Amino acid sequence: MADTYDAIVVGSGISGGWAAKELTEHGLKTIVLEAGRPIDPAVDYVEHVMPYEKRYRGMGNRNQVERYQPIQSQCGACDEYASKFFVNDLDNPYSTPEGKPFSWIRGRQVGGKSIMWGRCVFRWSDLDYEANAKEGVAVDWPIRYKDMAPWWSHVEKFVGVQGRREGLAQLPDGEFLKPWPMNAAEQKGREVLLTKFGGERLITNMRLAVLTEDHLGRQKCHLCGNCYRGCVTLSYFSSLNSTLPAAKKTGNLTLRPFSVVHSVIYDPRTKKASGVRVVDGNTKEMFDVKAKVVFLCASALESTRILLNSRTAEFPTGLGNSSGELGHNLMDHIMGGGATGTLPWAKDRREVGRRPDAIYVPRFRNVKTKHPDFQRGYGFEGRAERAGWDRGSHMNGFGAGFKKSLIGDLGPWEMSFDGFGEMLPRHENYIEIDPHLVDAWGIPALRVNCAYSDNELKMQQDMVVTATEMLEAMGATDIRTFKEDNAPGLVIHETGTARMGRDPKTSVLNSHNQVWDAPNVFVTDGACMTSNANQNPSITYMALTARAVDYAVGQMKRREL
Amino acid sequence: MQRRKVVSLLGAALALPFIPRNVEAALAFGQRLHIRLGDVPFRTLNRDQQALVTMIAEMIIPETDTPGATSVKVPEFIDLLLSEWVADDEKAAFLAGLADIDTRSAPLGAPRFVNLSAAKRVELLTALDEARRDKTGAGLAFGRVKALTVYGYFTSRPVQQDILKTQMFFNGYDGNVPFTPRV
């Protein structure tokens, strides 16, 4: 006998938390199925643990990590403090072809990756939504900025976003809390670039889901600087800090950790899903949960994996795959191109407080003029900071003077620009079920086939050039460029594989994230993306989720679901 | 931004050259996990190596009006990493480098670094500081000791609490605070 609810939400991260909040606030009895363990902020958050409280002073338990988290530990946040928020790679295998690595970084716990996410939140513009159609790439988005704007506003007002209004067409302003000031070195950099680039290359505040003022019962940020380890004052947005408590408050939420969803159950009589099949994370027993509507919010690759594993006579290659596009058009961003340099100014200024945000240079390539070498564009994340004692191992010298310098001086301001560029959707980048591989719960695992193309690599090269130009414009010295050879996935902005579209023959989801093949199944996490823009994606998943819930609830009220 | 390994945290000289160690070592390590940091005696460095590492660490960050590397147990921290953290080949290269430091001391007047005159010790360390990015030998060993001394010193409890006075709560952010170096 299966448990029955109005709605099932698979996953409790950024997207699942929003689905839970919106569904329960609409009065739907909702169960959230989370594959991982529960998290208790009072016990599990570790942002104030000092290095001397850790055996290896924060450098990580190298032996354990190399054995159990060789992939997760490619992400710097998977350190001695926070590695517990990342999966065990042995329990969660996936395969890649020889010579085509993909770094799949995952968090399986209540809160998902929203516990250790980067918290950068940007709107898109129609430059992004129209790009596929204008360039003949992949398929057209079925939505535009006007469809999303009210939903971004809706989520931003709840999330709490600090940002500076700039009035840029390519990076629309949102509902911002007051921004933190830039530090003295960044402010000077902003002024210099405004003069030298006429506003085309602009240093603005990172738009960040961290509170600069008390907001909806959550406290303003206390500037400890360790957001990825949790936050006892709930000052950054995560589902654990924000949406899940709101959902719980309605009395309509059931949250079940240790619930690994295997597949969606399809009922051929109704041509809809009747629920999901679940493996208990501890006992490994299989059971079903029934509901009128299913929201897949398990992360881009996991949601699609569930659909690929939902094979029936009607859908032999997976539910939602009538178009043949399920699993295809996998994207990430490309990072690791840029430069660092020593600034000539503000030597008599320092920071007090470890501000979690940084600065951002919005996209300027292919905005007004066309670049000859590549399509789309990139933005720069960056910051100016003084290294303090950390510069000691690179500095010449030893002895009393050396020590005194490390204690009493901070070193020069170093400015860095690190590009994050758009990756084009391509059919040949895809995931599939590996016929020979299962995870620790016996669920068929993924094979990921993904590589960057020339377009991304040329963009990365351009990042090096333009970052250097900006530093030179500032009169920076000792400019050090970098161009990293990262596998896709490591930006942790993996998206696509169940794209939205206008035509069921070429897409998996319609304009409201509804699976064409099963109208009561919605996919609202990164899987749904038709292209990836260059902006950090999470706030878009949140807005799409809230929008899809609104649509689903309307359909349910009209008895169309 | 914590997407990649924060190499700067460790000092590039420290973090980059370490390579994955083998599974047997990892298993053996698991059995030792219960040992707490405070209880750890020197397990890798012998008495001569302890003396050498301790003297170099103290020369890098000496006791002045504030504690030096020895009193905040930097040598113990280095031994801990050598015993539990670094790979066997890395450890071998490091220990060979320590031996090379003594070899380099002989022409300066003593068979061991610790027996050199103070002036000669400074002379040799100055040369090794220039060579700290070397991949082998005395330069490598000194580079490692230097990176770990800086890191171990500044992440120690006494230094974090009493010298850096590290705070976890700030009432607000100010990025434009007047600053005059105290050097």
# chains A, B, ... in the order shown; residues from 1 in each chain; ligands from 1
>>> select_by_dssp(residues="region 46-281 of chain A", states="helix (DSSP H, G or I)", output="ChimeraX atom specification")
/A:51-53,62-68,72-74,83-85,112-115,126-129,131-135,145-159,184-197,227-229,239-249
>>> interface_residues(of="chain A", to="chain B", cutoff="6 Å", atoms="only C-alpha atoms", output="mmCIF file with C-alpha atoms, in the first residue's frame")
data_model
loop_
_atom_site.group_PDB
_atom_site.id
_atom_site.type_symbol
_atom_site.label_atom_id
_atom_site.label_comp_id
_atom_site.auth_asym_id
_atom_site.auth_seq_id
_atom_site.Cartn_x
_atom_site.Cartn_y
_atom_site.Cartn_z
ATOM 1 C CA PRO A 51 41.781 25.731 11.578
ATOM 2 C CA TYR A 52 43.457 24.665 14.813
ATOM 3 C CA ASN A 63 43.855 9.921 2.624
ATOM 4 C CA CYS A 75 35.946 21.234 -5.855
ATOM 5 C CA GLY A 76 37.750 23.453 -3.381
ATOM 6 C CA ALA A 77 34.765 23.619 -1.048
ATOM 7 C CA ASN A 183 36.635 47.844 -0.940
ATOM 8 C CA ALA A 184 38.901 50.798 -1.642
ATOM 9 C CA HIS A 222 27.999 38.581 10.171
ATOM 10 C CA LEU A 223 30.871 38.481 7.664
ATOM 11 C CA CYS A 224 32.713 35.394 8.855
ATOM 12 C CA ASP A 348 46.886 52.652 3.195
ATOM 13 C CA ARG A 349 43.499 50.944 3.233
ATOM 14 C CA ARG A 350 42.297 47.607 4.552
ATOM 15 C CA GLU A 351 39.070 45.645 4.953
ATOM 16 C CA VAL A 352 37.305 44.909 8.210
ATOM 17 C CA GLY A 353 34.933 41.979 7.898
ATOM 18 C CA SER A 393 55.492 30.919 1.654
ATOM 19 C CA PHE A 398 62.982 34.513 7.059
ATOM 20 C CA GLY A 399 63.609 35.649 10.578
ATOM 21 C CA LYS A 403 57.731 37.472 10.825
ATOM 22 C CA LYS A 404 57.054 41.093 11.644
ATOM 23 C CA SER A 405 56.070 41.788 8.058
ATOM 24 C CA GLY A 408 52.142 43.750 10.785
ATOM 25 C CA ASP A 409 51.629 44.208 7.055
#
>>> atom_distance(atom1="CA of Ser95 (chain A)", atom2="CA of Ile71 (chain A)")
11.8 Å
>>> residues_around(residues="Met206 (chain A)", least_positions_apart="5", cutoff="6 Å", atoms="only C-alpha atoms", output="ChimeraX atom specification")
/A:357-360
>>> atom_distance(atom1="CA of Thr204 (chain A)", atom2="CA of Asn486 (chain A)")
26.6 Å
>>> closest_residue(among="A:Asp89, A:Asp214, A:Asp6, A:Asp439", to="His262 (chain A)", atoms="only C-alpha atoms")
A:Asp439
>>> atom_distance(atom1="CA of Arg547 (chain A)", atom2="CA of Met148 (chain A)")
8.0 Å
>>> residues_around(residues="region 112-114 of chain B", least_positions_apart="3", cutoff="10 Å", atoms="only C-alpha atoms", output="ChimeraX atom specification")
/B:48,51-56,98-106,108-109,117-118,120-121,124-125
>>> select_by_dssp(residues="region 221-396 of chain A", states="strand (DSSP E)", output="number ranges by chain")
A: 253-256, 259-267, 272-280, 286-296, 337-342, 349-352, 359-361, 378-386
>>> closest_residue(among="A:Tyr228, A:Glu285, A:Asp478, A:Met556", to="Gly27 (chain A)", atoms="only C-alpha atoms")
A:Met556
>>> closest_atom_pairs(of="region 497-536 of chain A", to="region 321-324 of chain A", cutoff="7 Å", atoms="only C-alpha atoms", output="tab-separated table")
residue	atom	partner	partner_atom	distance
A:Pro504	CA	A:Ser323	CA	6.3
A:Lys505	CA	A:Ser323	CA	4.7
A:Thr506	CA	A:Ser323	CA	5.2
A:Ser507	CA	A:Ser323	CA	6.0
A:Val508	CA	A:Asn321	CA	6.6
>>> write_last_selection(atoms="C-alpha atoms", output="PDB file, in the first residue's frame")
ATOM      1  CA  PRO A 504       7.354  17.960 -28.484  1.00  0.00           C
ATOM      2  CA  LYS A 505       9.279  16.511 -31.423  1.00  0.00           C
ATOM      3  CA  THR A 506      12.459  18.353 -30.431  1.00  0.00           C
ATOM      4  CA  SER A 507      12.167  18.975 -26.706  1.00  0.00           C
ATOM      5  CA  VAL A 508      11.395  17.150 -23.473  1.00  0.00           C
TER       6      VAL A 508
END
>>> residues_around(residues="Val32 (chain A)", least_positions_apart="6", cutoff="10 Å", atoms="only C-alpha atoms", output="list in words")
Ala7, Ile8, Val9, Val10, Gly11, Ser12, Gly16, Gly17, Ala19, Ala20, Val110, Leu244, Leu253, Thr254, Leu255, Arg256, Pro257, Ser259, Phe295 and Cys297 of chain A
